[in-house]
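S.K.: Below is the file model.txt, which contains compact mmCIF, C-alpha atoms and all ligand atoms.
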# COMPACT_ATOMS: atom_id res chain seq x y z
CA MET R 1 47.48 -62.69 10.61
CA LYS R 2 47.65 -63.31 6.86
CA ASN R 3 46.26 -66.84 7.35
CA ARG R 4 43.36 -65.50 9.40
CA ILE R 5 42.43 -63.01 6.69
CA ILE R 6 42.55 -65.76 4.05
CA SER R 7 40.38 -68.06 6.25
CA PHE R 8 37.90 -65.24 6.81
CA LEU R 9 37.69 -64.50 3.10
CA LEU R 10 37.24 -68.18 2.24
CA LEU R 11 34.49 -68.57 4.85
CA SER R 12 32.69 -65.46 3.54
CA LEU R 13 32.93 -66.82 0.01
CA LEU R 14 31.50 -70.16 1.14
CA ILE R 15 28.55 -68.50 2.91
CA LEU R 16 27.87 -66.37 -0.18
CA LEU R 17 27.94 -69.49 -2.37
CA ILE R 18 25.55 -71.42 -0.08
CA ASN R 19 23.11 -68.48 0.02
CA THR R 20 23.17 -68.18 -3.77
CA VAL R 21 22.47 -71.92 -4.24
CA ASN R 22 19.65 -71.78 -1.65
CA ALA R 23 18.07 -68.77 -3.34
CA GLN R 24 18.10 -70.59 -6.68
CA THR R 25 16.48 -73.78 -5.34
CA ASP R 26 13.99 -72.20 -2.93
CA ASN R 27 10.58 -71.93 -4.59
CA SER R 28 8.88 -70.90 -1.38
CA SER R 29 9.39 -67.19 -1.69
CA ASN R 30 7.70 -65.31 -4.51
CA PRO R 31 6.28 -62.13 -3.00
CA GLU R 32 5.05 -60.83 -6.36
CA LEU R 33 3.02 -63.97 -7.02
CA ASP R 34 1.70 -63.92 -3.45
CA LYS R 35 0.52 -60.33 -3.96
CA LYS R 36 -1.18 -61.23 -7.24
CA VAL R 37 -2.98 -64.29 -5.81
CA GLU R 38 -4.00 -62.45 -2.64
CA ALA R 39 -5.38 -59.53 -4.67
CA PHE R 40 -7.30 -61.92 -6.94
CA LEU R 41 -8.77 -63.87 -4.02
CA LYS R 42 -9.71 -60.62 -2.26
CA ASP R 43 -11.37 -59.12 -5.36
CA SER R 44 -13.25 -62.33 -6.15
CA ARG R 45 -14.43 -63.02 -2.60
CA GLY R 46 -18.21 -63.30 -2.67
CA GLU R 47 -18.19 -63.86 -6.43
CA TRP R 48 -17.85 -67.66 -6.41
CA ARG R 49 -21.26 -69.01 -7.42
CA ASP R 50 -20.48 -72.31 -9.13
CA MET R 51 -20.62 -74.72 -6.20
CA ASN R 52 -17.15 -73.51 -5.20
CA VAL R 53 -15.60 -74.23 -1.82
CA PRO R 54 -15.72 -71.50 0.81
CA ALA R 55 -12.42 -69.66 1.37
CA SER R 56 -11.91 -71.42 4.74
CA ASP R 57 -11.85 -74.82 2.98
CA GLY R 58 -9.47 -73.40 0.36
CA GLN R 59 -7.20 -72.30 3.20
CA LEU R 60 -7.41 -75.80 4.73
CA LEU R 61 -6.25 -77.42 1.46
CA TYR R 62 -3.48 -74.84 1.14
CA ASP R 63 -2.25 -75.55 4.69
CA LEU R 64 -2.26 -79.34 4.17
CA ILE R 65 -0.05 -79.01 1.09
CA ILE R 66 2.39 -76.59 2.70
CA GLU R 67 2.65 -78.58 5.97
CA ASN R 68 3.31 -81.87 4.17
CA LYS R 69 5.32 -80.37 1.29
CA TYR R 70 3.09 -82.12 -1.26
CA THR R 71 3.96 -81.62 -4.93
CA GLN R 72 1.85 -84.03 -7.05
CA ALA R 73 -1.77 -82.95 -6.75
CA LEU R 74 -5.01 -84.04 -8.38
CA GLU R 75 -8.35 -82.26 -8.13
CA ILE R 76 -11.57 -83.92 -9.29
CA GLY R 77 -14.12 -81.16 -9.97
CA THR R 78 -12.49 -77.87 -11.00
CA SER R 79 -15.65 -75.85 -11.49
CA THR R 80 -14.50 -72.23 -12.03
CA GLY R 81 -11.31 -72.75 -10.07
CA HIS R 82 -11.66 -71.50 -6.50
CA SER R 83 -10.19 -74.56 -4.74
CA GLY R 84 -7.73 -75.01 -7.62
CA ILE R 85 -6.34 -71.56 -6.94
CA TRP R 86 -5.71 -72.32 -3.25
CA ILE R 87 -4.15 -75.69 -4.14
CA ALA R 88 -1.96 -74.29 -6.93
CA TRP R 89 -0.88 -71.34 -4.77
CA ALA R 90 0.45 -73.82 -2.18
CA LEU R 91 2.09 -75.86 -4.93
CA SER R 92 3.83 -72.74 -6.22
CA LYS R 93 5.67 -72.79 -2.89
CA THR R 94 6.43 -76.52 -2.71
CA GLY R 95 7.55 -76.73 -6.36
CA GLY R 96 4.59 -78.88 -7.36
CA LYS R 97 1.87 -79.06 -9.99
CA LEU R 98 -1.88 -79.69 -10.06
CA ILE R 99 -3.94 -81.73 -12.51
CA THR R 100 -7.58 -80.65 -12.24
CA ILE R 101 -10.54 -82.13 -14.12
CA ASP R 102 -14.01 -80.88 -15.02
CA ILE R 103 -16.61 -82.13 -17.45
CA SER R 104 -18.30 -78.75 -18.02
CA GLU R 105 -16.78 -76.82 -20.91
CA SER R 106 -18.05 -73.44 -19.74
CA ARG R 107 -16.76 -73.89 -16.19
CA HIS R 108 -13.44 -75.28 -17.48
CA LYS R 109 -13.00 -72.17 -19.67
CA GLU R 110 -13.85 -69.84 -16.82
CA ALA R 111 -11.40 -71.68 -14.57
CA LEU R 112 -8.64 -71.19 -17.13
CA GLU R 113 -9.35 -67.46 -17.14
CA ASN R 114 -9.31 -67.34 -13.34
CA PHE R 115 -6.04 -69.30 -13.13
CA LYS R 116 -4.52 -66.77 -15.53
CA LYS R 117 -5.82 -63.78 -13.60
CA ALA R 118 -4.42 -65.24 -10.36
CA GLY R 119 -1.03 -65.74 -12.05
CA LEU R 120 -1.06 -69.49 -11.39
CA SER R 121 -1.51 -71.04 -14.88
CA GLU R 122 1.99 -72.51 -14.97
CA TYR R 123 1.23 -74.65 -11.90
CA ILE R 124 -2.02 -76.08 -13.31
CA ASP R 125 -2.82 -78.67 -15.96
CA ALA R 126 -6.59 -78.24 -16.35
CA ARG R 127 -8.33 -81.03 -18.25
CA LEU R 128 -11.78 -80.92 -19.82
CA ALA R 129 -12.88 -84.53 -19.38
CA ASP R 130 -15.19 -87.01 -17.71
CA ALA R 131 -13.38 -87.81 -14.47
CA HIS R 132 -15.04 -91.24 -14.37
CA GLU R 133 -12.73 -92.15 -17.26
CA LEU R 134 -9.74 -89.85 -16.84
CA VAL R 135 -9.05 -90.65 -13.18
CA LEU R 136 -8.66 -94.31 -14.17
CA GLU R 137 -6.28 -93.38 -16.98
CA LEU R 138 -4.00 -90.98 -15.10
CA GLU R 139 -0.73 -92.60 -14.17
CA GLY R 140 0.09 -90.68 -11.00
CA PRO R 141 1.64 -90.97 -8.54
CA PHE R 142 -0.16 -88.36 -6.42
CA ASP R 143 0.58 -87.18 -2.92
CA PHE R 144 -2.47 -84.91 -2.62
CA VAL R 145 -5.99 -85.48 -3.98
CA PHE R 146 -9.08 -83.31 -3.59
CA SER R 147 -12.36 -84.95 -4.59
CA ASP R 148 -15.17 -82.46 -5.22
CA ALA R 149 -17.18 -83.68 -8.22
CA ASP R 150 -20.22 -85.99 -8.27
CA LYS R 151 -20.68 -87.33 -4.73
CA GLY R 152 -22.20 -90.63 -5.90
CA TRP R 153 -18.85 -91.48 -7.51
CA TYR R 154 -16.58 -90.59 -4.54
CA LYS R 155 -15.93 -94.23 -3.62
CA ASN R 156 -15.05 -95.07 -7.23
CA TYR R 157 -12.71 -92.07 -7.48
CA PHE R 158 -11.00 -93.19 -4.30
CA ILE R 159 -10.64 -96.80 -5.50
CA ALA R 160 -9.13 -95.54 -8.78
CA VAL R 161 -6.65 -93.22 -7.03
CA TYR R 162 -5.71 -95.40 -4.04
CA PRO R 163 -2.98 -97.46 -5.80
CA LYS R 164 -1.50 -94.23 -7.19
CA LEU R 165 -1.51 -92.43 -3.84
CA LYS R 166 1.95 -92.25 -2.34
CA SER R 167 2.73 -93.38 1.18
CA GLY R 168 2.36 -90.29 3.39
CA GLY R 169 0.03 -88.80 0.81
CA CYS R 170 -3.49 -87.70 1.51
CA PHE R 171 -6.92 -87.99 -0.13
CA THR R 172 -9.35 -85.23 0.78
CA ALA R 173 -13.05 -85.04 -0.10
CA HIS R 174 -15.53 -82.18 0.12
CA ASN R 175 -19.11 -82.06 1.44
CA VAL R 176 -18.82 -85.03 3.75
CA SER R 177 -20.64 -83.48 6.74
CA ASN R 178 -23.77 -85.48 6.13
CA ARG R 179 -23.30 -89.14 5.41
CA MET R 180 -25.79 -88.92 2.58
CA SER R 181 -25.91 -91.46 -0.22
CA GLY R 182 -22.52 -91.78 -1.95
CA ILE R 183 -20.66 -90.02 0.85
CA LYS R 184 -21.55 -92.80 3.32
CA GLU R 185 -20.28 -95.55 0.99
CA PHE R 186 -17.05 -93.60 0.39
CA LEU R 187 -16.40 -92.88 4.08
CA ASP R 188 -17.29 -96.42 5.20
CA TYR R 189 -14.88 -97.79 2.60
CA VAL R 190 -11.92 -95.49 3.31
CA GLU R 191 -12.38 -95.88 7.07
CA SER R 192 -12.28 -99.68 6.69
CA LEU R 193 -8.78 -99.63 5.19
CA PRO R 194 -6.09 -100.28 7.80
CA ASP R 195 -3.47 -98.16 6.02
CA MET R 196 -5.70 -95.05 5.76
CA LYS R 197 -6.22 -92.71 8.74
CA THR R 198 -9.26 -90.50 8.29
CA THR R 199 -10.41 -87.40 10.16
CA ILE R 200 -13.15 -84.95 9.25
CA ASN R 201 -12.56 -81.23 9.39
CA ARG R 202 -15.83 -79.44 10.16
CA SER R 203 -14.55 -75.86 10.28
CA SER R 204 -16.96 -75.06 7.42
CA SER R 205 -20.48 -76.45 7.25
CA SER R 206 -19.48 -78.55 4.20
CA GLY R 207 -16.95 -80.75 6.01
CA VAL R 208 -13.73 -82.05 4.47
CA SER R 209 -12.47 -85.59 5.02
CA ILE R 210 -8.70 -85.94 5.25
CA SER R 211 -7.37 -89.47 4.78
CA TYR R 212 -3.63 -90.07 5.12
CA LYS R 213 -2.01 -93.18 3.67
CA ASP R 214 0.54 -94.92 5.92
C1 LIG H 301 -18.70 -78.73 -6.42
S1 LIG H 301 -18.13 -78.33 -8.00
C2 LIG H 301 -16.39 -78.15 -7.77
C3 LIG H 301 -16.00 -76.85 -7.07
C4 LIG H 301 -14.52 -76.56 -7.12
N1 LIG H 301 -13.79 -77.61 -6.47
C5 LIG H 301 -14.23 -75.23 -6.46
O1 LIG H 301 -14.20 -75.16 -5.23
O2 LIG H 301 -14.06 -74.23 -7.16
C6 LIG H 301 -18.27 -79.85 -8.82
C7 LIG H 301 -17.76 -79.87 -10.26
O3 LIG H 301 -17.63 -81.24 -10.65
C8 LIG H 301 -17.89 -81.33 -12.01
N2 LIG H 301 -18.22 -82.73 -12.35
C9 LIG H 301 -19.34 -83.43 -12.03
N3 LIG H 301 -19.28 -84.67 -12.55
C10 LIG H 301 -18.09 -84.75 -13.19
C11 LIG H 301 -17.43 -85.77 -13.93
N4 LIG H 301 -17.99 -86.97 -14.14
N5 LIG H 301 -16.23 -85.50 -14.46
C12 LIG H 301 -15.64 -84.29 -14.28
N6 LIG H 301 -16.21 -83.29 -13.59
C13 LIG H 301 -17.42 -83.51 -13.07
C14 LIG H 301 -19.03 -80.36 -12.24
O4 LIG H 301 -19.08 -79.97 -13.59
C15 LIG H 301 -18.70 -79.23 -11.26
O5 LIG H 301 -18.07 -78.16 -11.92
Represent the structure contained in this file as structure tokens.
Ligand SMILES: C[S@@+](CC[C@H](N)C(=O)[O-])C[C@H]1O[C@@H](n2cnc3c(N)ncnc32)[C@H](O)[C@@H]1O
M.R.:
Amino acid sequence: MKNRIISFLLLSLLILLINTVNAQTDNSSNPELDKKVEAFLKDSRGEWRDMNVPASDGQLLYDLIIENKYTQALEIGTSTGHSGIWIAWALSKTGGKLITIDISESRHKEALENFKKAGLSEYIDARLADAHELVLELEGPFDFVFSDADKGWYKNYFIAVYPKLKSGGCFTAHNVSNRMSGIKEFLDYVESLPDMKTTINRSSSSGVSISYKD
């Protein structure tokens, strides 16, 4: 009987210990942050006027990061931060971080304010820079990339990021619905690579290409 009680106590202690360790390493649950981000996104809905993605595309990026547990993200084209907020919110759950780049000082500043209001600043390294130069300089590696700046440069952005994109990682690009100039060259190039598998999500009228690296 005594042995049974001791075994029971030891088992209970072990379970308690495992739960404590799990709680300390699990970034996925932060109800207060969720509430803050949700409230910010709700209040700002309809207020995004700086070429920002629609909420449905933000949700798509969020889902991709959560599903694949991505942690090393790069966004090219921050604008005032709508897509960045969806990306960083997902990264707050996977334990990751986002580098986001924009060349416009006023939009960069507004994005910083928005990231703060959403409670996500600590997950975002926002750079004011010309992405034509900075994307080449960034070391990486990245497992998630969202390209949403100048469409004529999409292929160059992809070529610069490709060696730094991890196996299993994914390169996404916005506004690819119409194969207009720039977009066509990018899509033709990425679709020609045997180790990249590309699909196009058309749930919004903009269209988002999703290219996974083998
Ligand atoms: C379509 S908006 C990005 C929208 C943003 N992803 C969102 O959903 O909130 C494109 C942004 O790319 C930026 N951009 C254009 N050319 C750039 C370059 N060479 N380097 C960095 N940013 C650039 C613009 O200033 C603009 O803010």
S.K.: Could you tell me which of R:Val176, R:Ile103, R:Leu74, R:Leu91 comes closest to Ala131 in chain R if we count only C-alpha atoms?
M.R.: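 The shortest atom-to-atom distance to Ala131 in chain R comes from R:Ile103.
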S.K.: Write out as CSV the residues of chain R that have any atom within 7 Å of an atom of ligand LIG 301 (chain H), one row each with the nearest atom pair and its distance in Å to one decimal, counting all atoms listed in the file, sorted by chain and then rising number.
M.R.:
residue,atom,partner,partner_atom,distance
R:Asp50,CA,H:LIG301,S1,6.6
R:Met51,CA,H:LIG301,C1,4.5
R:Asn52,CA,H:LIG301,O1,3.4
R:Val53,CA,H:LIG301,O1,3.8
R:Ile76,CA,H:LIG301,N6,6.4
R:Gly77,CA,H:LIG301,O3,3.6
R:Thr78,CA,H:LIG301,C4,4.6
R:Ser79,CA,H:LIG301,O5,3.4
R:Thr80,CA,H:LIG301,O2,5.3
R:Gly81,CA,H:LIG301,O2,4.3
R:His82,CA,H:LIG301,O2,3.7
R:Ser83,CA,H:LIG301,O1,4.1
R:Gly84,CA,H:LIG301,O2,6.4
R:Ile101,CA,H:LIG301,C12,5.5
R:Asp102,CA,H:LIG301,N6,3.6
R:Ile103,CA,H:LIG301,C12,4.0
R:Ser104,CA,H:LIG301,O4,4.7
R:Arg107,CA,H:LIG301,O5,6.2
R:Ala129,CA,H:LIG301,C12,5.8
R:Asp130,CA,H:LIG301,N5,3.7
R:Ala131,CA,H:LIG301,N5,3.7
R:His132,CA,H:LIG301,N4,5.2
R:Asp148,CA,H:LIG301,C2,5.2
R:Ala149,CA,H:LIG301,O3,3.5
R:Asp150,CA,H:LIG301,N3,4.6
S.K.: Please save C-alpha atoms of the selected residues as a PDB file, keeping the file's coordinate frame.
M.R.:
ATOM      1  CA  ASP R  50     -20.480 -72.310  -9.130  1.00  0.00           C
ATOM      2  CA  MET R  51     -20.620 -74.720  -6.200  1.00  0.00           C
ATOM      3  CA  ASN R  52     -17.150 -73.510  -5.200  1.00  0.00           C
ATOM      4  CA  VAL R  53     -15.600 -74.230  -1.820  1.00  0.00           C
ATOM      5  CA  ILE R  76     -11.570 -83.920  -9.290  1.00  0.00           C
ATOM      6  CA  GLY R  77     -14.120 -81.160  -9.970  1.00  0.00           C
ATOM      7  CA  THR R  78     -12.490 -77.870 -11.000  1.00  0.00           C
ATOM      8  CA  SER R  79     -15.650 -75.850 -11.490  1.00  0.00           C
ATOM      9  CA  THR R  80     -14.500 -72.230 -12.030  1.00  0.00           C
ATOM     10  CA  GLY R  81     -11.310 -72.750 -10.070  1.00  0.00           C
ATOM     11  CA  HIS R  82     -11.660 -71.500  -6.500  1.00  0.00           C
ATOM     12  CA  SER R  83     -10.190 -74.560  -4.740  1.00  0.00           C
ATOM     13  CA  GLY R  84      -7.730 -75.010  -7.620  1.00  0.00           C
ATOM     14  CA  ILE R 101     -10.540 -82.130 -14.120  1.00  0.00           C
ATOM     15  CA  ASP R 102     -14.010 -80.880 -15.020  1.00  0.00           C
ATOM     16  CA  ILE R 103     -16.610 -82.130 -17.450  1.00  0.00           C
ATOM     17  CA  SER R 104     -18.300 -78.750 -18.020  1.00  0.00           C
ATOM     18  CA  ARG R 107     -16.760 -73.890 -16.190  1.00  0.00           C
ATOM     19  CA  ALA R 129     -12.880 -84.530 -19.380  1.00  0.00           C
ATOM     20  CA  ASP R 130     -15.190 -87.010 -17.710  1.00  0.00           C
ATOM     21  CA  ALA R 131     -13.380 -87.810 -14.470  1.00  0.00           C
ATOM     22  CA  HIS R 132     -15.040 -91.240 -14.370  1.00  0.00           C
ATOM     23  CA  ASP R 148     -15.170 -82.460  -5.220  1.00  0.00           C
ATOM     24  CA  ALA R 149     -17.180 -83.680  -8.220  1.00  0.00           C
ATOM     25  CA  ASP R 150     -20.220 -85.990  -8.270  1.00  0.00           C
TER      26      ASP R 150
END
S.K.: For the atom pair CA of Val208 in chain R and CA of Trp89 in chain R, what is the interatomic distance in Å to one decimal place?
M.R.: 19.1 Å
S.K.: Env of Leu165 in chain R: 7 Å cut, atoms = all atoms listed in the file, seq-sep filter 5 positions within chain, self excluded. Answer as a list in words.
M.R.: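 Counting all atoms listed in the file, the residues come to Pro141, Phe142 and Asp143 of chain R.
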S.K.: State, in Å with one decimal place, the distance from CA of Met180 in chain R to CA of Val135 in chain R.
M.R.: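 So the answer is 23.1 Å.
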S.K.: Using all atoms listed in the file, which of R:Thr71, R:Ser167, R:Ser106, R:Ser28 sits nearest Tyr123 in chain R?
M.R.: R:Thr71
S.K.: Nearest to Ala39 in chain R among R:Lys197, R:Arg127, R:Lys117, R:Arg202, with distances taken over only C-alpha atoms: which residue is it?
M.R.: R:Lys117
S.K.: Any idea what the distance is between CA of Glu185 in chain R and CA of Gly152 in chain R?
M.R.: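 Taking CA of Glu185 in chain R as the start and CA of Gly152 in chain R as the end point, the length is 8.7 Å.
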